[in-house]
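See structure below.
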Number of protein chains: 2
Amino acid sequence: MEDLLHHSAVARAALTHVRGIELEPIFNHSVRTFLYARASAASAAEEEIDLEALFVACLFHDSGATGRHDGAQRFEVEGADAALHFLRGHGWTRPRMDAVWEAIALHTSPGIAERRGAICRYTRLGVRVDFGTATLAQPGYVELAEAEYPRLEVERVLSTTVVEQALRRPAKAPAGSWPGALLAAYEADPHSDRLNPAF
Amino acid sequence: MEDLLHHSAVARAALTHVRGIELEPIFNHSVRTFLYARASAASAAEEEIDLEALFVACLFHDSGATGRHDGAQRFEVEGADAALHFLRGHGWTRPRMDAVWEAIALHTSPGIAERRGAICRYTRLGVRVDFGTATLAQPGYVELAEAEYPRLEVERVLSTTVVEQALRRPAKAPAGSWPGALLAAYEADPHSDRLNPAF
């Protein structure tokens, strides 16, 4: 990551911005998501990926799960808009910004994100590696990433945050969405100490 | 619709193709979806919409809920692929075909489809008008459409079809998706005679 941060002012600005608005467990998860997304892309025999766009997408992908961006839309879309707002003024083309928007908006859409462009596909894959539903070809890489960016119970923090947002504004958790599934599972057993079973 | 069918060979071919693979309740719902999507677009003060693309998107949007296209992916994505397959050979540009793909793939994604391109947005809106969660500005139009293309309990047919597909292949109904919500609601009360409450 140091290489990218060294030559990309937008990556440095994104890192600083997201670190300033996210709880550490979510920030660390976002960095790991980028590391895994990049590692997955590197293993695939495809054309080179736009690493700056991938970085911004991964860093901002949960930025809707913050007090700063707790707007009326579902958190995935609030996060996508937050990234777009951040990118304005950086002189990016529309397709490049749209790829970031789409990657963030669709990162909880199983079976759909995997079929869109490379930024969207690898952001989703990075998330899945971090939550254990996909694996990396590189042995030992996850352990290294988690040593540098500890998990800090991110599953619990993220599900609690999304549910709290949804309790305040149920329209943020529509049926057939990931926030909706988290809210329904919470409401079925609100006093449970276990991790939300819909996570 | 006659105007469009009169001058567009691809619209005529789409109508014939979809009528040949879909149960009548789902076919009628697809035609009504187009009528409502077009009516909504006509009421909006926006640039003119690509009616051929909107027609193909609306006609094929539930084509994944058929025996013909009951593949391994969630039905929205199978339907999007079916439309793409149909469009090959019609000489459409990639962005035009992608707008159709996206509209079909995202038609059950609340809060996301509404933020994509016009074909996606209006396909979703047409579906919502037909299922009563959005309304048209044109009085009496729904009644006319339903007289010509009767509902035939489409909610029941569609939910039953999606659940049957999911029971055979659970991977088609991932958590946090509309098929997943339908499957979970079915499994909570499999002997119910009521409409699936997640519909």
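We label chains A, B, ... in the order they appear in the structure tokens, count residues from 1 in each chain, and number ligands from 1 in the order shown.
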Write down as a PyMOL selection string the residues belonging to segment 77-137 of chain A that are assigned helix (DSSP H, G or I) by DSSP computed on the backbone. chain A and resi 77-87+94-105+113-115+118-130
Write out, as a short mmCIF file (atom, residue, chain, number, x, y, z; two decimals), in the first residue's frame, the residues just selected, with N, CA, C and O atoms.
data_model
loop_
_atom_site.label_atom_id
_atom_site.label_comp_id
_atom_site.auth_asym_id
_atom_site.auth_seq_id
_atom_site.Cartn_x
_atom_site.Cartn_y
_atom_site.Cartn_z
N VAL A 77 -25.58 3.26 -0.32
CA VAL A 77 -25.74 4.38 -1.26
C VAL A 77 -25.22 5.67 -0.64
O VAL A 77 -24.58 6.48 -1.33
N GLU A 78 -25.41 5.84 0.66
CA GLU A 78 -24.82 7.00 1.34
C GLU A 78 -23.29 6.96 1.21
O GLU A 78 -22.65 7.98 0.98
N GLY A 79 -22.72 5.77 1.35
CA GLY A 79 -21.28 5.62 1.21
C GLY A 79 -20.81 5.92 -0.20
O GLY A 79 -19.76 6.55 -0.41
N ALA A 80 -21.57 5.45 -1.18
CA ALA A 80 -21.23 5.72 -2.58
C ALA A 80 -21.26 7.21 -2.86
O ALA A 80 -20.38 7.77 -3.53
N ASP A 81 -22.27 7.88 -2.32
CA ASP A 81 -22.36 9.33 -2.51
C ASP A 81 -21.23 10.06 -1.78
O ASP A 81 -20.72 11.07 -2.28
N ALA A 82 -20.85 9.55 -0.62
CA ALA A 82 -19.73 10.17 0.13
C ALA A 82 -18.44 10.10 -0.69
O ALA A 82 -17.69 11.07 -0.77
N ALA A 83 -18.21 8.95 -1.34
CA ALA A 83 -17.01 8.81 -2.17
C ALA A 83 -17.06 9.77 -3.36
O ALA A 83 -16.06 10.41 -3.72
N LEU A 84 -18.23 9.88 -3.97
CA LEU A 84 -18.39 10.77 -5.12
C LEU A 84 -18.12 12.21 -4.70
O LEU A 84 -17.43 12.96 -5.41
N HIS A 85 -18.65 12.59 -3.58
CA HIS A 85 -18.45 13.94 -3.04
C HIS A 85 -16.95 14.18 -2.80
O HIS A 85 -16.41 15.22 -3.16
N PHE A 86 -16.31 13.18 -2.22
CA PHE A 86 -14.86 13.29 -1.96
C PHE A 86 -14.08 13.45 -3.27
O PHE A 86 -13.14 14.23 -3.36
N LEU A 87 -14.51 12.70 -4.30
CA LEU A 87 -13.73 12.69 -5.55
C LEU A 87 -13.89 13.96 -6.38
O LEU A 87 -13.05 14.27 -7.22
N ARG A 94 -15.99 10.78 -15.50
CA ARG A 94 -17.27 10.22 -15.02
C ARG A 94 -17.26 8.71 -14.93
O ARG A 94 -17.71 8.17 -13.92
N PRO A 95 -16.77 7.98 -15.95
CA PRO A 95 -16.78 6.51 -15.84
C PRO A 95 -15.95 6.02 -14.65
O PRO A 95 -16.32 5.04 -13.99
N ARG A 96 -14.85 6.71 -14.37
CA ARG A 96 -14.00 6.29 -13.26
C ARG A 96 -14.73 6.53 -11.93
O ARG A 96 -14.71 5.67 -11.04
N MET A 97 -15.38 7.66 -11.82
CA MET A 97 -16.13 7.94 -10.58
C MET A 97 -17.33 7.00 -10.47
O MET A 97 -17.67 6.54 -9.38
N ASP A 98 -17.95 6.70 -11.61
CA ASP A 98 -19.12 5.81 -11.57
C ASP A 98 -18.72 4.40 -11.15
O ASP A 98 -19.49 3.72 -10.46
N ALA A 99 -17.54 3.98 -11.57
CA ALA A 99 -17.08 2.63 -11.17
C ALA A 99 -16.93 2.55 -9.65
O ALA A 99 -17.27 1.54 -9.03
N VAL A 100 -16.46 3.63 -9.04
CA VAL A 100 -16.33 3.68 -7.58
C VAL A 100 -17.72 3.69 -6.93
O VAL A 100 -17.98 2.94 -5.98
N TRP A 101 -18.61 4.51 -7.47
CA TRP A 101 -19.98 4.59 -6.92
C TRP A 101 -20.63 3.21 -6.93
O TRP A 101 -21.18 2.75 -5.93
N GLU A 102 -20.56 2.57 -8.10
CA GLU A 102 -21.20 1.26 -8.27
C GLU A 102 -20.60 0.22 -7.33
O GLU A 102 -21.33 -0.59 -6.73
N ALA A 103 -19.29 0.25 -7.18
CA ALA A 103 -18.62 -0.74 -6.32
C ALA A 103 -19.11 -0.62 -4.88
O ALA A 103 -19.34 -1.62 -4.20
N ILE A 104 -19.28 0.61 -4.42
CA ILE A 104 -19.71 0.82 -3.03
C ILE A 104 -21.19 0.49 -2.90
O ILE A 104 -21.61 -0.22 -1.99
N ALA A 105 -22.00 0.97 -3.83
CA ALA A 105 -23.45 0.75 -3.74
C ALA A 105 -23.79 -0.74 -3.78
O ALA A 105 -24.73 -1.19 -3.14
N ALA A 113 -22.87 -7.85 -7.81
CA ALA A 113 -21.58 -7.15 -7.80
C ALA A 113 -20.52 -7.95 -8.55
O ALA A 113 -19.67 -7.37 -9.26
N GLU A 114 -20.59 -9.27 -8.44
CA GLU A 114 -19.59 -10.14 -9.08
C GLU A 114 -19.66 -10.05 -10.62
O GLU A 114 -18.71 -10.45 -11.29
N ARG A 115 -20.76 -9.55 -11.15
CA ARG A 115 -20.95 -9.51 -12.60
C ARG A 115 -20.76 -8.10 -13.19
O ARG A 115 -21.02 -7.90 -14.38
N ALA A 118 -14.53 -4.38 -12.99
CA ALA A 118 -13.46 -4.90 -12.13
C ALA A 118 -13.45 -4.24 -10.75
O ALA A 118 -13.24 -4.93 -9.73
N ILE A 119 -13.69 -2.95 -10.66
CA ILE A 119 -13.63 -2.27 -9.35
C ILE A 119 -14.72 -2.84 -8.44
O ILE A 119 -14.50 -3.14 -7.27
N CYS A 120 -15.90 -3.01 -9.02
CA CYS A 120 -17.04 -3.55 -8.28
C CYS A 120 -16.78 -4.99 -7.85
O CYS A 120 -16.98 -5.36 -6.69
N ARG A 121 -16.30 -5.79 -8.79
CA ARG A 121 -16.06 -7.22 -8.55
C ARG A 121 -15.03 -7.43 -7.44
O ARG A 121 -15.20 -8.25 -6.54
N TYR A 122 -13.92 -6.68 -7.54
CA TYR A 122 -12.84 -6.92 -6.58
C TYR A 122 -13.12 -6.28 -5.23
O TYR A 122 -12.64 -6.77 -4.21
N THR A 123 -13.87 -5.20 -5.20
CA THR A 123 -14.27 -4.65 -3.90
C THR A 123 -15.10 -5.68 -3.16
O THR A 123 -14.86 -6.00 -1.98
N ARG A 124 -16.08 -6.24 -3.85
CA ARG A 124 -16.93 -7.28 -3.25
C ARG A 124 -16.09 -8.49 -2.80
O ARG A 124 -16.29 -9.03 -1.72
N LEU A 125 -15.15 -8.88 -3.64
CA LEU A 125 -14.32 -10.04 -3.30
C LEU A 125 -13.46 -9.74 -2.07
O LEU A 125 -13.29 -10.59 -1.19
N GLY A 126 -12.92 -8.52 -1.98
CA GLY A 126 -12.14 -8.13 -0.81
C GLY A 126 -12.97 -8.21 0.47
O GLY A 126 -12.51 -8.72 1.50
N VAL A 127 -14.21 -7.72 0.39
CA VAL A 127 -15.11 -7.81 1.54
C VAL A 127 -15.33 -9.27 1.92
O VAL A 127 -15.27 -9.65 3.10
N ARG A 128 -15.58 -10.11 0.92
CA ARG A 128 -15.86 -11.52 1.19
C ARG A 128 -14.65 -12.23 1.80
O ARG A 128 -14.79 -13.07 2.69
N VAL A 129 -13.45 -11.90 1.31
CA VAL A 129 -12.25 -12.50 1.92
C VAL A 129 -12.18 -12.09 3.40
O VAL A 129 -11.95 -12.92 4.28
N ASP A 130 -12.45 -10.81 3.68
CA ASP A 130 -12.33 -10.37 5.07
C ASP A 130 -13.40 -11.00 5.96
O ASP A 130 -13.18 -11.13 7.17
#
Which residues come within 10 Å of Thr160 of chain A, counting only C-alpha atoms, excluding same-chain residues fewer than 3 positions away, as a list in words? Ala65, Val154, Glu155, Arg156, Val157, Val163, Glu164, Gln165, Ala166, Leu182, Leu183, Tyr186, Leu195 and Asn196 of chain A
Expected file: the selected residues, N, CA and C atoms, as a PDB file, in the first residue's frame:
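Writing the result to selection-v5.pdb gives the following:
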ATOM      1  N   ALA A  65     -21.786   3.806   7.049  1.00  0.00           N
ATOM      2  CA  ALA A  65     -22.024   3.304   8.410  1.00  0.00           C
ATOM      3  C   ALA A  65     -21.279   4.185   9.423  1.00  0.00           C
ATOM      4  N   VAL A 154     -15.066  -6.392  14.096  1.00  0.00           N
ATOM      5  CA  VAL A 154     -15.725  -5.545  13.100  1.00  0.00           C
ATOM      6  C   VAL A 154     -17.133  -6.024  12.754  1.00  0.00           C
ATOM      7  N   GLU A 155     -17.339  -7.359  12.743  1.00  0.00           N
ATOM      8  CA  GLU A 155     -18.672  -7.874  12.399  1.00  0.00           C
ATOM      9  C   GLU A 155     -19.722  -7.309  13.357  1.00  0.00           C
ATOM     10  N   ARG A 156     -19.356  -7.303  14.653  1.00  0.00           N
ATOM     11  CA  ARG A 156     -20.288  -6.824  15.669  1.00  0.00           C
ATOM     12  C   ARG A 156     -20.508  -5.310  15.526  1.00  0.00           C
ATOM     13  N   VAL A 157     -19.425  -4.578  15.335  1.00  0.00           N
ATOM     14  CA  VAL A 157     -19.522  -3.112  15.234  1.00  0.00           C
ATOM     15  C   VAL A 157     -20.344  -2.715  14.010  1.00  0.00           C
ATOM     16  N   VAL A 163     -27.835  -1.672  12.133  1.00  0.00           N
ATOM     17  CA  VAL A 163     -29.138  -1.870  12.790  1.00  0.00           C
ATOM     18  C   VAL A 163     -29.577  -0.590  13.505  1.00  0.00           C
ATOM     19  N   GLU A 164     -28.655   0.084  14.184  1.00  0.00           N
ATOM     20  CA  GLU A 164     -29.021   1.335  14.877  1.00  0.00           C
ATOM     21  C   GLU A 164     -29.520   2.382  13.884  1.00  0.00           C
ATOM     22  N   GLN A 165     -28.835   2.486  12.758  1.00  0.00           N
ATOM     23  CA  GLN A 165     -29.297   3.423  11.716  1.00  0.00           C
ATOM     24  C   GLN A 165     -30.704   3.051  11.256  1.00  0.00           C
ATOM     25  N   ALA A 166     -30.934   1.740  11.079  1.00  0.00           N
ATOM     26  CA  ALA A 166     -32.220   1.262  10.559  1.00  0.00           C
ATOM     27  C   ALA A 166     -33.341   1.454  11.569  1.00  0.00           C
ATOM     28  N   LEU A 182     -30.404  -7.664   8.277  1.00  0.00           N
ATOM     29  CA  LEU A 182     -29.827  -7.434   9.612  1.00  0.00           C
ATOM     30  C   LEU A 182     -30.898  -6.934  10.577  1.00  0.00           C
ATOM     31  N   LEU A 183     -31.731  -6.000  10.116  1.00  0.00           N
ATOM     32  CA  LEU A 183     -32.780  -5.443  10.978  1.00  0.00           C
ATOM     33  C   LEU A 183     -33.789  -6.524  11.365  1.00  0.00           C
ATOM     34  N   TYR A 186     -32.292  -8.817  13.916  1.00  0.00           N
ATOM     35  CA  TYR A 186     -32.222  -8.132  15.214  1.00  0.00           C
ATOM     36  C   TYR A 186     -33.597  -8.126  15.875  1.00  0.00           C
ATOM     37  N   LEU A 195     -23.506 -12.579  17.724  1.00  0.00           N
ATOM     38  CA  LEU A 195     -23.400 -11.773  16.497  1.00  0.00           C
ATOM     39  C   LEU A 195     -24.708 -11.913  15.729  1.00  0.00           C
ATOM     40  N   ASN A 196     -25.191 -10.821  15.144  1.00  0.00           N
ATOM     41  CA  ASN A 196     -26.405 -10.845  14.321  1.00  0.00           C
ATOM     42  C   ASN A 196     -26.314 -11.985  13.307  1.00  0.00           C
TER      43      ASN A 196
END
Give the residues of chain B that lie within 7 Å of chain A; count only C-alpha atoms, and format the answer as a ChimeraX atom specification. /B:73-74,77,105,110-112,174,176-178,181
Go ahead and write the selection's residues with all heavy atoms as a PDB file, in the first residue's frame.
ATOM      1  N   GLN B  73     -27.449 -18.840 -11.289  1.00  0.00           N
ATOM      2  CA  GLN B  73     -27.389 -17.509 -10.682  1.00  0.00           C
ATOM      3  C   GLN B  73     -28.773 -17.074 -10.170  1.00  0.00           C
ATOM      4  O   GLN B  73     -29.785 -17.643 -10.542  1.00  0.00           O
ATOM      5  CB  GLN B  73     -26.893 -16.496 -11.716  1.00  0.00           C
ATOM      6  CG  GLN B  73     -25.559 -16.885 -12.341  1.00  0.00           C
ATOM      7  CD  GLN B  73     -25.188 -15.945 -13.478  1.00  0.00           C
ATOM      8  OE1 GLN B  73     -24.401 -15.038 -13.283  1.00  0.00           O
ATOM      9  NE2 GLN B  73     -25.763 -16.143 -14.653  1.00  0.00           N
ATOM     10  N   ARG B  74     -28.806 -16.025  -9.334  1.00  0.00           N
ATOM     11  CA  ARG B  74     -30.106 -15.541  -8.866  1.00  0.00           C
ATOM     12  C   ARG B  74     -30.937 -15.126 -10.073  1.00  0.00           C
ATOM     13  O   ARG B  74     -30.402 -14.711 -11.106  1.00  0.00           O
ATOM     14  CB  ARG B  74     -29.964 -14.419  -7.822  1.00  0.00           C
ATOM     15  CG  ARG B  74     -28.999 -13.315  -8.177  1.00  0.00           C
ATOM     16  CD  ARG B  74     -28.717 -12.379  -7.010  1.00  0.00           C
ATOM     17  NE  ARG B  74     -29.867 -11.524  -6.726  1.00  0.00           N
ATOM     18  CZ  ARG B  74     -29.838 -10.492  -5.872  1.00  0.00           C
ATOM     19  NH1 ARG B  74     -28.717 -10.201  -5.211  1.00  0.00           N
ATOM     20  NH2 ARG B  74     -30.895  -9.753  -5.664  1.00  0.00           N
ATOM     21  N   VAL B  77     -30.233 -12.086 -12.297  1.00  0.00           N
ATOM     22  CA  VAL B  77     -29.029 -12.128 -13.139  1.00  0.00           C
ATOM     23  C   VAL B  77     -29.238 -13.087 -14.321  1.00  0.00           C
ATOM     24  O   VAL B  77     -28.805 -12.811 -15.444  1.00  0.00           O
ATOM     25  CB  VAL B  77     -27.797 -12.495 -12.289  1.00  0.00           C
ATOM     26  CG1 VAL B  77     -26.559 -12.667 -13.148  1.00  0.00           C
ATOM     27  CG2 VAL B  77     -27.563 -11.417 -11.216  1.00  0.00           C
ATOM     28  N   ALA B 105     -30.934  -6.822 -13.748  1.00  0.00           N
ATOM     29  CA  ALA B 105     -30.204  -7.358 -12.588  1.00  0.00           C
ATOM     30  C   ALA B 105     -30.589  -6.609 -11.303  1.00  0.00           C
ATOM     31  O   ALA B 105     -30.660  -7.206 -10.233  1.00  0.00           O
ATOM     32  CB  ALA B 105     -28.700  -7.275 -12.815  1.00  0.00           C
ATOM     33  N   PRO B 110     -33.861  -2.287  -3.926  1.00  0.00           N
ATOM     34  CA  PRO B 110     -34.446  -1.003  -3.542  1.00  0.00           C
ATOM     35  C   PRO B 110     -33.386   0.007  -3.141  1.00  0.00           C
ATOM     36  O   PRO B 110     -32.427  -0.328  -2.449  1.00  0.00           O
ATOM     37  CB  PRO B 110     -35.322  -1.367  -2.333  1.00  0.00           C
ATOM     38  CG  PRO B 110     -34.754  -2.641  -1.803  1.00  0.00           C
ATOM     39  CD  PRO B 110     -34.192  -3.368  -2.984  1.00  0.00           C
ATOM     40  N   GLY B 111     -33.560   1.234  -3.614  1.00  0.00           N
ATOM     41  CA  GLY B 111     -32.652   2.306  -3.231  1.00  0.00           C
ATOM     42  C   GLY B 111     -31.387   2.356  -4.061  1.00  0.00           C
ATOM     43  O   GLY B 111     -30.663   3.358  -4.035  1.00  0.00           O
ATOM     44  N   ILE B 112     -31.096   1.282  -4.798  1.00  0.00           N
ATOM     45  CA  ILE B 112     -29.918   1.290  -5.678  1.00  0.00           C
ATOM     46  C   ILE B 112     -30.373   1.500  -7.124  1.00  0.00           C
ATOM     47  O   ILE B 112     -29.878   2.391  -7.813  1.00  0.00           O
ATOM     48  CB  ILE B 112     -29.101  -0.016  -5.528  1.00  0.00           C
ATOM     49  CG1 ILE B 112     -28.574  -0.147  -4.090  1.00  0.00           C
ATOM     50  CG2 ILE B 112     -27.942  -0.032  -6.522  1.00  0.00           C
ATOM     51  CD1 ILE B 112     -27.832  -1.438  -3.795  1.00  0.00           C
ATOM     52  N   PRO B 174     -29.460 -15.819  -2.001  1.00  0.00           N
ATOM     53  CA  PRO B 174     -28.522 -15.468  -0.923  1.00  0.00           C
ATOM     54  C   PRO B 174     -29.163 -14.519   0.086  1.00  0.00           C
ATOM     55  O   PRO B 174     -30.119 -13.813  -0.230  1.00  0.00           O
ATOM     56  CB  PRO B 174     -27.376 -14.781  -1.678  1.00  0.00           C
ATOM     57  CG  PRO B 174     -27.969 -14.298  -2.960  1.00  0.00           C
ATOM     58  CD  PRO B 174     -29.068 -15.263  -3.300  1.00  0.00           C
ATOM     59  N   GLY B 176     -29.858 -11.308   2.170  1.00  0.00           N
ATOM     60  CA  GLY B 176     -29.763  -9.912   1.747  1.00  0.00           C
ATOM     61  C   GLY B 176     -30.198  -9.690   0.317  1.00  0.00           C
ATOM     62  O   GLY B 176     -29.887  -8.658  -0.274  1.00  0.00           O
ATOM     63  N   SER B 177     -30.911 -10.662  -0.271  1.00  0.00           N
ATOM     64  CA  SER B 177     -31.464 -10.484  -1.621  1.00  0.00           C
ATOM     65  C   SER B 177     -32.975 -10.694  -1.541  1.00  0.00           C
ATOM     66  O   SER B 177     -33.478 -11.274  -0.578  1.00  0.00           O
ATOM     67  CB  SER B 177     -30.863 -11.506  -2.599  1.00  0.00           C
ATOM     68  OG  SER B 177     -31.345 -12.823  -2.324  1.00  0.00           O
ATOM     69  N   TRP B 178     -33.695 -10.263  -2.568  1.00  0.00           N
ATOM     70  CA  TRP B 178     -35.141 -10.471  -2.588  1.00  0.00           C
ATOM     71  C   TRP B 178     -35.482 -11.958  -2.632  1.00  0.00           C
ATOM     72  O   TRP B 178     -36.320 -12.419  -1.838  1.00  0.00           O
ATOM     73  CB  TRP B 178     -35.762  -9.704  -3.766  1.00  0.00           C
ATOM     74  CG  TRP B 178     -37.261  -9.670  -3.747  1.00  0.00           C
ATOM     75  CD1 TRP B 178     -38.046  -9.074  -2.799  1.00  0.00           C
ATOM     76  CD2 TRP B 178     -38.150 -10.254  -4.715  1.00  0.00           C
ATOM     77  NE1 TRP B 178     -39.371  -9.249  -3.124  1.00  0.00           N
ATOM     78  CE2 TRP B 178     -39.471  -9.958  -4.290  1.00  0.00           C
ATOM     79  CE3 TRP B 178     -37.969 -10.987  -5.886  1.00  0.00           C
ATOM     80  CZ2 TRP B 178     -40.593 -10.374  -5.004  1.00  0.00           C
ATOM     81  CZ3 TRP B 178     -39.089 -11.393  -6.599  1.00  0.00           C
ATOM     82  CH2 TRP B 178     -40.375 -11.097  -6.159  1.00  0.00           C
ATOM     83  N   ALA B 181     -35.087 -13.241   0.839  1.00  0.00           N
ATOM     84  CA  ALA B 181     -36.161 -12.843   1.750  1.00  0.00           C
ATOM     85  C   ALA B 181     -37.411 -13.689   1.494  1.00  0.00           C
ATOM     86  O   ALA B 181     -38.082 -14.118   2.434  1.00  0.00           O
ATOM     87  CB  ALA B 181     -36.469 -11.355   1.574  1.00  0.00           C
TER      88      ALA B 181
END
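For the pair atom CA of Arg88 of chain B and atom CA of Ala11 of chain B, the interatomic distance is 13.8 Å.
The space separating atom CA of Arg38 of chain A from atom CA of Met1 of chain A comes to 9.5 Å.
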With distances taken over only C-alpha atoms, which of A:Leu23, A:Cys58, A:Ala184, A:Ala137 is nearest to Ser43 of chain A?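 Nearest candidate to Ser43 of chain A out of A:Leu23, A:Cys58, A:Ala184, A:Ala137: A:Ala137.
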